[in-house]
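Chemist: So here's entry.cif (mmCIF, C-alpha atoms).
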```cif
data_work
#
loop_
_atom_site.label_atom_id
_atom_site.label_comp_id
_atom_site.auth_asym_id
_atom_site.auth_seq_id
_atom_site.Cartn_x
_atom_site.Cartn_y
_atom_site.Cartn_z
CA MET K 1 120.12 83.55 121.80
CA THR K 2 123.39 85.38 121.24
CA THR K 3 123.98 89.11 121.50
CA HIS K 4 124.12 89.20 117.72
CA ASP K 5 120.58 87.91 117.16
CA GLU K 6 118.95 91.30 117.42
CA LEU K 7 121.53 92.85 115.12
CA ILE K 8 120.95 90.11 112.54
CA TRP K 9 117.19 90.69 112.45
CA LYS K 10 117.71 94.44 112.21
CA HIS K 11 120.04 93.78 109.30
CA LEU K 12 117.50 91.50 107.60
CA ASP K 13 114.71 94.07 108.11
CA GLY K 14 116.94 96.77 106.61
CA ALA K 15 116.71 98.78 109.83
CA CYS K 16 120.44 99.03 110.70
CA THR K 17 122.18 102.34 111.33
CA PRO K 18 125.37 103.00 109.29
CA GLU K 19 127.48 101.96 112.30
CA GLU K 20 125.51 98.73 112.70
CA LYS K 21 125.85 98.02 108.98
CA GLU K 22 129.61 98.36 109.31
CA ARG K 23 129.59 96.03 112.29
CA VAL K 24 127.58 93.43 110.38
CA GLU K 25 130.00 93.57 107.45
CA LYS K 26 132.94 93.15 109.79
CA LEU K 27 131.34 90.22 111.61
CA LYS K 28 130.45 88.58 108.30
CA LYS K 29 134.10 88.63 107.32
CA GLU K 30 135.60 87.64 110.64
CA ASP K 31 133.10 85.50 112.55
CA ALA K 32 132.08 82.10 111.16
CA ALA K 33 129.45 81.60 113.90
CA PHE K 34 127.91 84.94 112.96
CA ARG K 35 127.79 83.94 109.30
CA ALA K 36 126.05 80.67 110.18
CA ALA K 37 123.55 82.46 112.42
CA LEU K 38 122.88 85.03 109.70
CA LEU K 39 122.36 82.33 107.08
CA GLU K 40 119.89 80.46 109.26
CA ARG K 41 117.81 83.56 109.96
CA GLN K 42 118.02 84.66 106.36
CA ARG K 43 116.56 81.30 105.36
CA LEU K 44 113.72 81.62 107.89
CA ASP K 45 113.02 85.19 106.77
CA GLN K 46 112.83 84.03 103.17
CA GLU K 47 110.54 81.13 104.07
CA LEU K 48 108.26 83.51 105.95
CA GLU K 49 108.17 85.89 103.00
CA GLU K 50 107.36 83.06 100.62
CA GLN K 51 104.54 81.68 102.75
CA PRO K 52 101.69 81.04 100.33
CA LEU K 53 98.35 82.72 100.97
CA GLU K 54 95.61 80.50 102.33
CA GLN K 55 92.61 80.16 100.03
CA PRO K 56 89.01 80.06 101.19
CA SER K 57 86.36 77.96 99.46
CA LEU K 58 85.48 78.75 95.86
CA ARG K 59 82.06 80.03 96.91
CA PHE K 60 83.51 82.44 99.44
CA ALA K 61 82.82 85.69 97.57
CA LYS K 62 79.33 84.50 96.59
CA ASN K 63 78.56 83.58 100.19
CA VAL K 64 79.63 87.04 101.35
CA MET K 65 77.54 88.73 98.66
CA GLU K 66 74.47 86.70 99.59
CA ARG K 67 74.78 87.81 103.22
CA LEU K 68 75.15 91.51 102.45
CA PRO K 69 72.37 93.72 103.74
CA GLU K 70 70.82 96.46 101.58
CA LEU K 71 72.68 99.42 103.01
CA TYR K 72 73.56 101.74 100.22
CA GLN K 73 70.96 103.11 97.81
CA ARG K 74 71.58 102.66 94.15
CA SER K 75 72.00 106.02 92.54
CA ILE K 76 72.45 106.84 88.89
CA GLU K 77 73.32 110.19 87.45
CA PRO K 78 70.42 111.38 85.21
CA LEU K 79 71.06 111.73 81.49
CA VAL K 80 70.13 115.42 81.65
CA ARG K 81 70.65 117.57 84.72
CA PRO K 82 67.38 118.64 86.43
CA LEU K 83 68.26 122.33 85.86
CA TRP K 84 68.31 121.83 82.09
CA ILE K 85 64.99 120.01 82.22
CA LYS K 86 63.53 123.01 84.10
CA VAL K 87 65.03 125.43 81.56
CA PHE K 88 63.60 123.38 78.70
CA PHE K 89 60.10 123.15 80.15
CA GLY K 90 60.25 126.84 81.14
CA SER K 91 61.11 127.87 77.56
CA LEU K 92 58.43 125.58 76.18
CA GLY K 93 55.88 127.13 78.56
CA ALA K 94 56.96 130.64 77.56
CA LEU K 95 56.54 129.77 73.89
CA PHE K 96 53.05 128.41 74.48
CA LEU K 97 52.14 131.50 76.47
CA ALA K 98 53.39 133.72 73.67
CA TYR K 99 51.43 131.67 71.16
CA PHE K 100 48.21 132.10 73.12
CA ILE K 101 48.81 135.84 73.43
CA ILE K 102 49.18 136.04 69.66
CA VAL K 103 46.00 134.05 69.15
CA PHE K 104 44.05 136.29 71.54
CA GLN K 105 45.51 139.39 69.99
CA SER K 106 44.52 138.32 66.47
CA LEU K 107 40.99 137.62 67.73
CA GLY K 108 40.85 141.08 69.34
CA GLN K 109 42.10 142.83 66.16
CA ALA K 110 38.59 142.53 64.68
CA ALA K 111 37.39 145.29 67.02
CA PRO K 112 39.11 148.72 66.78
CA GLN K 113 40.84 149.70 70.02
CA SER K 114 43.68 151.86 71.26
CA GLN K 115 47.10 150.20 71.05
CA GLY K 116 48.76 149.84 74.47
CA PRO K 117 52.43 148.76 75.09
CA ALA K 118 51.41 145.12 75.73
CA THR K 119 49.67 144.92 72.39
CA ARG K 120 52.68 146.47 70.62
CA TRP K 121 54.98 143.79 72.11
CA ALA K 122 52.53 141.07 71.07
CA ASP K 123 52.56 142.50 67.55
CA ARG K 124 56.35 142.37 67.41
CA PHE K 125 56.34 138.78 68.66
CA SER K 126 53.71 137.87 66.10
CA ASP K 127 55.83 139.46 63.33
CA LEU K 128 58.87 137.47 64.52
CA PHE K 129 56.92 134.22 64.24
CA ALA K 130 55.58 135.19 60.88
CA SER K 131 59.09 135.98 59.59
CA LEU K 132 60.39 132.50 60.55
CA PRO K 133 60.49 130.01 57.68
CA PRO K 134 58.02 127.12 58.23
CA GLN K 135 60.90 124.53 58.31
CA THR K 136 62.43 126.22 61.33
CA LEU K 137 59.27 125.76 63.33
CA SER K 138 59.05 122.11 62.24
CA ILE K 139 62.69 121.52 63.23
CA LEU K 140 62.11 123.19 66.60
CA ALA K 141 59.05 121.04 67.18
CA ALA K 142 60.91 117.85 66.18
CA VAL K 143 63.89 118.66 68.45
CA SER K 144 61.55 119.40 71.35
CA LEU K 145 59.68 116.16 70.86
CA ALA K 146 62.91 114.15 70.59
CA TYR K 147 64.23 115.83 73.74
CA LEU K 148 61.04 115.05 75.63
CA GLY K 149 61.15 111.47 74.39
CA LEU K 150 64.75 111.01 75.59
CA VAL K 151 63.99 112.48 79.02
CA PHE K 152 61.06 110.13 79.52
CA LEU K 153 63.04 107.14 78.18
CA ASP K 154 65.88 107.93 80.61
CA ARG K 155 63.48 108.05 83.55
CA PHE K 156 61.75 104.84 82.48
CA LEU K 157 65.04 102.91 82.04
CA LYS K 158 66.41 104.22 85.34
CA ARG K 159 63.30 103.03 87.24
CA LYS K 160 63.43 99.64 85.50
CA TRP K 161 67.17 99.20 86.19
CA LEU K 162 66.82 100.13 89.87
CA LYS K 163 63.99 97.63 90.24
CA LYS K 164 66.14 94.92 88.65
CA ALA K 165 69.22 95.77 90.78
CA MET P 1 93.42 97.71 88.25
CA VAL P 2 90.95 100.16 89.77
CA GLU P 3 92.23 101.68 93.03
CA ASP P 4 90.68 100.57 96.29
CA ASN P 5 89.44 104.04 97.22
CA ILE P 6 87.63 104.47 93.90
CA MET P 7 85.94 101.13 94.41
CA VAL P 8 84.95 102.15 97.94
CA GLN P 9 83.25 105.24 96.47
CA GLN P 10 81.42 103.05 93.96
CA VAL P 11 80.21 100.76 96.77
CA LEU P 12 78.95 103.77 98.71
CA LYS P 13 76.96 104.77 95.63
CA GLY P 14 75.26 101.39 95.80
CA ASP P 15 77.42 99.39 93.39
CA ARG P 16 77.45 95.91 94.92
CA HIS P 17 79.56 94.56 92.07
CA ALA P 18 82.41 96.88 93.15
CA PHE P 19 82.22 95.34 96.62
CA GLN P 20 82.38 91.84 95.15
CA GLN P 21 85.56 92.90 93.37
CA LEU P 22 87.01 94.12 96.66
CA VAL P 23 86.09 90.80 98.30
CA GLU P 24 87.74 88.85 95.49
CA ARG P 25 90.84 91.06 95.70
CA TYR P 26 91.36 90.62 99.43
CA GLN P 27 89.71 87.30 100.32
CA ASN P 28 92.98 85.32 100.36
CA TYR P 29 94.74 87.91 102.53
CA VAL P 30 91.90 88.12 105.02
CA PHE P 31 91.47 84.36 105.08
CA THR P 32 95.21 83.92 105.68
CA VAL P 33 94.99 86.18 108.74
CA THR P 34 91.91 84.44 110.17
CA SER P 35 93.16 80.93 109.44
CA ARG P 36 96.52 81.57 111.15
CA VAL P 37 94.69 82.73 114.25
CA LEU P 38 91.86 80.19 114.24
CA ARG P 39 92.94 76.65 113.74
CA SER P 40 89.74 75.33 112.18
CA ARG P 41 89.22 76.09 108.52
CA GLU P 42 85.45 76.41 108.95
CA GLU P 43 85.84 78.94 111.74
CA ALA P 44 88.44 80.85 109.75
CA GLU P 45 86.08 81.05 106.79
CA GLU P 46 83.18 82.18 108.96
CA ALA P 47 85.38 84.83 110.57
CA ALA P 48 86.60 86.01 107.15
CA GLN P 49 82.99 86.33 105.97
CA ASP P 50 82.19 88.34 109.09
CA VAL P 51 85.14 90.60 108.30
CA PHE P 52 83.70 91.51 104.91
CA LEU P 53 80.21 92.01 106.33
CA LYS P 54 81.64 94.40 108.94
CA VAL P 55 83.63 96.17 106.24
CA TYR P 56 80.47 96.62 104.17
CA LYS P 57 78.45 97.91 107.11
CA GLN P 58 81.18 100.28 108.31
CA LEU P 59 82.31 101.48 104.90
CA GLY P 60 80.42 104.75 105.35
CA SER P 61 82.59 105.56 108.38
CA PHE P 62 85.89 104.79 106.60
CA GLU P 63 87.53 108.21 106.43
CA GLN P 64 90.22 107.21 103.92
CA LYS P 65 92.95 108.67 106.13
CA SER P 66 94.77 105.36 106.02
CA LYS P 67 94.99 102.80 103.24
CA PHE P 68 91.86 100.74 102.68
CA SER P 69 93.92 97.56 103.15
CA THR P 70 95.21 98.74 106.57
CA TRP P 71 91.63 99.46 107.65
CA LEU P 72 90.49 96.08 106.32
CA TYR P 73 93.30 94.23 108.15
CA THR P 74 92.44 96.06 111.36
CA ILE P 75 88.91 94.67 111.13
CA ALA P 76 90.27 91.23 110.14
CA TYR P 77 92.67 91.23 113.11
CA ARG P 78 89.98 92.26 115.62
CA THR P 79 87.43 89.81 114.27
CA ALA P 80 89.89 86.91 114.35
CA ILE P 81 90.96 87.76 117.91
CA ASP P 82 87.30 88.02 118.99
CA PHE P 83 86.54 84.62 117.47
CA ALA P 84 89.56 83.09 119.23
CA ARG P 85 88.59 84.70 122.51
CA ARG P 86 85.00 83.44 122.26
CA LYS P 87 86.27 79.96 121.49
CA ASN P 88 88.66 79.76 124.40
CA PRO P 89 88.52 82.81 126.68
CA GLN P 90 91.00 81.53 129.27
CA ALA P 91 93.77 80.50 126.92
CA TYR P 92 94.26 83.87 125.29
CA SER P 93 95.49 86.82 127.24
CA ILE P 94 95.70 89.60 124.69
CA GLU P 95 97.39 92.14 126.91
CA ASP P 96 100.07 89.82 128.20
CA ASP P 97 103.47 91.20 127.31
CA GLU P 98 105.09 87.82 127.70
CA SER P 99 102.92 86.39 124.95
CA TYR P 100 106.01 85.53 122.93
CA LEU P 101 106.36 82.54 125.22
CA GLN P 102 102.70 81.63 125.02
CA ILE P 103 103.16 78.66 122.81
CA GLU P 104 101.01 75.85 124.08
CA ASP P 105 102.52 73.07 126.17
CA GLU P 106 101.11 70.52 123.80
CA VAL P 107 103.19 72.00 121.01
CA ARG P 108 106.28 72.17 123.15
CA ARG P 109 105.86 68.50 123.88
CA THR P 110 105.36 67.63 120.25
CA PRO P 111 108.75 66.77 118.83
CA VAL P 112 109.67 68.59 115.67
CA GLU P 113 110.71 65.20 114.33
CA ASP P 114 107.00 64.35 114.00
CA MET P 115 106.68 66.91 111.26
CA GLN P 116 109.86 66.08 109.40
CA GLN P 117 108.03 64.56 106.49
CA GLN P 118 106.13 67.75 105.90
CA ASP P 119 107.29 70.53 103.70
CA ILE P 120 109.02 73.36 105.58
CA GLN P 121 106.37 75.84 104.44
CA GLU P 122 103.61 73.68 105.90
CA GLN P 123 105.58 73.29 109.11
CA LEU P 124 106.06 77.00 109.34
CA ALA P 125 102.35 77.66 108.76
CA GLU P 126 101.51 75.05 111.40
CA ALA P 127 104.01 76.55 113.86
CA ILE P 128 102.42 79.99 113.36
CA ARG P 129 98.96 78.50 113.94
CA GLN P 130 100.16 77.13 117.26
CA LEU P 131 101.08 80.61 118.48
CA LYS P 132 98.78 82.78 120.54
CA PRO P 133 96.26 84.70 118.37
CA VAL P 134 97.96 88.09 118.75
CA ASP P 135 101.38 86.62 118.03
CA ALA P 136 100.12 84.67 115.03
CA SER P 137 98.52 87.85 113.70
CA ILE P 138 101.67 89.93 114.16
CA ILE P 139 103.94 87.54 112.31
CA THR P 140 101.33 86.97 109.57
CA LEU P 141 100.59 90.65 109.07
CA PHE P 142 104.28 91.58 108.99
CA TYR P 143 105.02 89.18 106.16
CA LEU P 144 101.66 89.61 104.43
CA LYS P 145 102.05 92.09 101.55
CA GLU P 146 105.28 93.24 103.25
CA HIS P 147 103.70 95.39 105.91
CA THR P 148 105.98 97.68 107.90
CA VAL P 149 106.29 97.55 111.69
CA LYS P 150 104.39 100.86 111.80
CA GLU P 151 101.48 99.42 109.79
CA VAL P 152 101.35 96.31 111.99
CA SER P 153 101.32 98.63 115.00
CA GLU P 154 98.40 100.59 113.47
CA ILE P 155 96.47 97.41 112.72
CA THR P 156 96.99 95.75 116.10
CA GLY P 157 96.92 98.87 118.26
CA LEU P 158 100.22 97.84 119.88
CA THR P 159 103.13 100.25 120.15
CA VAL P 160 105.87 100.15 117.53
CA THR P 161 108.38 99.05 120.18
CA ASN P 162 106.06 96.29 121.34
CA VAL P 163 105.61 95.02 117.79
CA LYS P 164 109.38 95.09 117.22
CA THR P 165 110.05 93.16 120.43
CA LYS P 166 107.36 90.61 119.70
CA LEU P 167 108.57 90.15 116.13
CA PHE P 168 112.11 89.50 117.31
CA ARG P 169 111.05 86.97 119.92
CA LEU P 170 108.53 85.24 117.67
CA ARG P 171 110.99 84.82 114.87
CA GLU P 172 113.57 83.43 117.24
CA LEU P 173 110.95 81.04 118.59
CA LEU P 174 110.06 79.87 115.09
CA ARG P 175 113.74 79.51 114.25
CA GLU P 176 114.28 77.31 117.28
CA GLN P 177 111.27 75.21 116.31
CA LEU P 178 112.41 74.77 112.74
CA SER P 179 116.12 74.80 113.39
CA ARG P 180 116.72 71.29 112.14
CA GLN P 181 114.78 71.82 108.90
CA LEU P 182 116.47 75.16 108.28
CA GLN P 183 119.90 73.61 108.83
CA SER P 184 119.22 70.80 106.39
CA GLU P 185 117.95 73.32 103.82
CA ILE P 186 121.11 75.39 104.24
CA GLU P 187 123.27 72.28 103.86
CA ASP P 188 121.37 71.43 100.69
CA LEU P 189 122.03 74.89 99.35
CA LEU P 190 125.76 74.84 100.15
#
```
Starting from the file, give its structure as structure tokens.
Modeler:
Amino acid sequence: MTTHDELIWKHLDGACTPEEKERVEKLKKEDAAFRAALLERQRLDQELEEQPLEQPSLRFAKNVMERLPELYQRSIEPLVRPLWIKVFFGSLGALFLAYFIIVFQSLGQAAPQSQGPATRWADRFSDLFASLPPQTLSILAAVSLAYLGLVFLDRFLKRKWLKKA
Amino acid sequence: MVEDNIMVQQVLKGDRHAFQQLVERYQNYVFTVTSRVLRSREEAEEAAQDVFLKVYKQLGSFEQKSKFSTWLYTIAYRTAIDFARRKNPQAYSIEDDESYLQIEDEVRRTPVEDMQQQDIQEQLAEAIRQLKPVDASIITLFYLKEHTVKEVSEITGLTVTNVKTKLFRLRELLREQLSRQLQSEIEDLL
């Protein structure tokens, strides 16, 4: 090994300081032995860089996958966020409750009685329902049914997919 | 191509297909590291499989502070060294600073002339395989995907200075071994 060996490798790794770079350039011009040494190392460096990657067997990835333990749980984002499902069912429940109030109120109207605030509110609600065109109620019912259907389909497919995976 | 870190997240969510993609992306690199350290192809393949199993099991603890590939190579390096150690515990002294000279006597005795018919790339690969496991890993990792000295130091746990010194000595050792072939290649080029 000559004193220049280290400098040559630094030069090939692109790690020379400006002073060292100058020295290399000077030596390249003036020293034939340096040029030969540089050329030889340059060739080795290039051969090392061009070393082809070794390839495992064709089944390698499959073999790895077959040996994998079940560590991470499959998780899928639901189609509809749970909060929205709660809001939907809450609204549906409120509507049913209101409907039953109206029904009870209409049954109670047969007997004369003093009108309290609760009854007045029920009357207003009943009027609101009565003022709605019949198509609106049908559309609301259809949308609700479709929504319910989609939620159940999502849950069913998710369970089936997880079982398969 | 999907970034490694995104695929890691997908694996953590239970997507095994994403892990298969990671295996396919890195299998040649990992196998190159293990096969340069372990001389038998079967052992190298077994070690490479172990690397990916460890990666899968430890993926939850990967903090993504470093590149996924650096973390993967760290596991590949340690696994390969462990395999080599188990195979021949006396022959490999990992902490030995003079490991640049730890080329086996058998190889020293083998004349380079014996390999003259081989392609220089094959000879180089063979010469690297004859090095001590740590040395073979350092030279392989440095030239694999153009790792920097700092990255090699991170992967191997050696200091930057130590890696630099080893790299210098190893390359000089390889040059001496392949001097004749390199000279004839240079003459052909001139």
Chemist: So the first atom is atom CA of Lys29 of chain K and the second is atom CA of Leu44 of chain K; what is the distance between them in Å, to one decimal place?
Modeler: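 We find that atom CA of Lys29 of chain K and atom CA of Leu44 of chain K lie 21.6 Å from each other.
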Chemist: Apply the PyMOL selection byres ((chain P and resi 153-163) around 9) to the structure shown and report the selected residues as an MDAnalysis selection string.
Modeler: chainID P and resid 70:75 77:78 97 134 137:138 141 148:152 164:168
Chemist: Using only C-alpha atoms, I'd like every residue of chain P that has an atom within 6 Å of chain K; please write them out as a PyMOL selection string.
Modeler: chain P and resi 12-14+28+32+49+143
Chemist: Give the answer as one residue: which of P:Ala48, P:Leu144, P:Ile139, P:Val11 has the shortest atom-to-atom distance to Arg169 of chain P, using all atoms listed in the file?
Modeler: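 Between P:Ala48, P:Leu144, P:Ile139, P:Val11, the residue approaching Arg169 of chain P most closely is P:Ile139.
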Chemist: Convert the output of the PyMOL selection byres ((chain P and resi 20-24) around 8) on the shown file into explicit residues, formatted as an NGL selection string.
Modeler: (:K and (61 or 65)) or (:P and (4 or 7 or 16-19 or 25-28 or 52))
Chemist: Using all atoms listed in the file, which residue out of P:Leu131, P:Val2, P:Leu124, P:Val8 lies closest to Val37 of chain P?
Modeler: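 Comparing P:Leu131, P:Val2, P:Leu124, P:Val8 against Val37 of chain P, the winner is P:Leu131.
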Chemist: Rounded to one decimal, what separation in Å do you get between atom CA of Glu172 of chain P and atom CA of Thr17 of chain K?
Modeler: 21.6 Å
Chemist: Go ahead and compute the interatomic distance for atom CA of Tyr29 of chain P and atom CA of Lys145 of chain P, in Å to one decimal.
Modeler: 8.5 Å
Chemist: Pick out the closest residue to Glu42 of chain P from this set: P:Asp119, P:Phe83, P:Thr140, P:Glu63. Count all atoms listed in the file.
Modeler: P:Phe83
Chemist: Out of K:Ile139, K:Ile8, K:Leu83, K:Gly93, which residue has the shortest atom-to-atom distance to Lys28 of chain K when counting only C-alpha atoms?
Modeler: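 Result for the nearest residue to Lys28 of chain K: K:Ile8.
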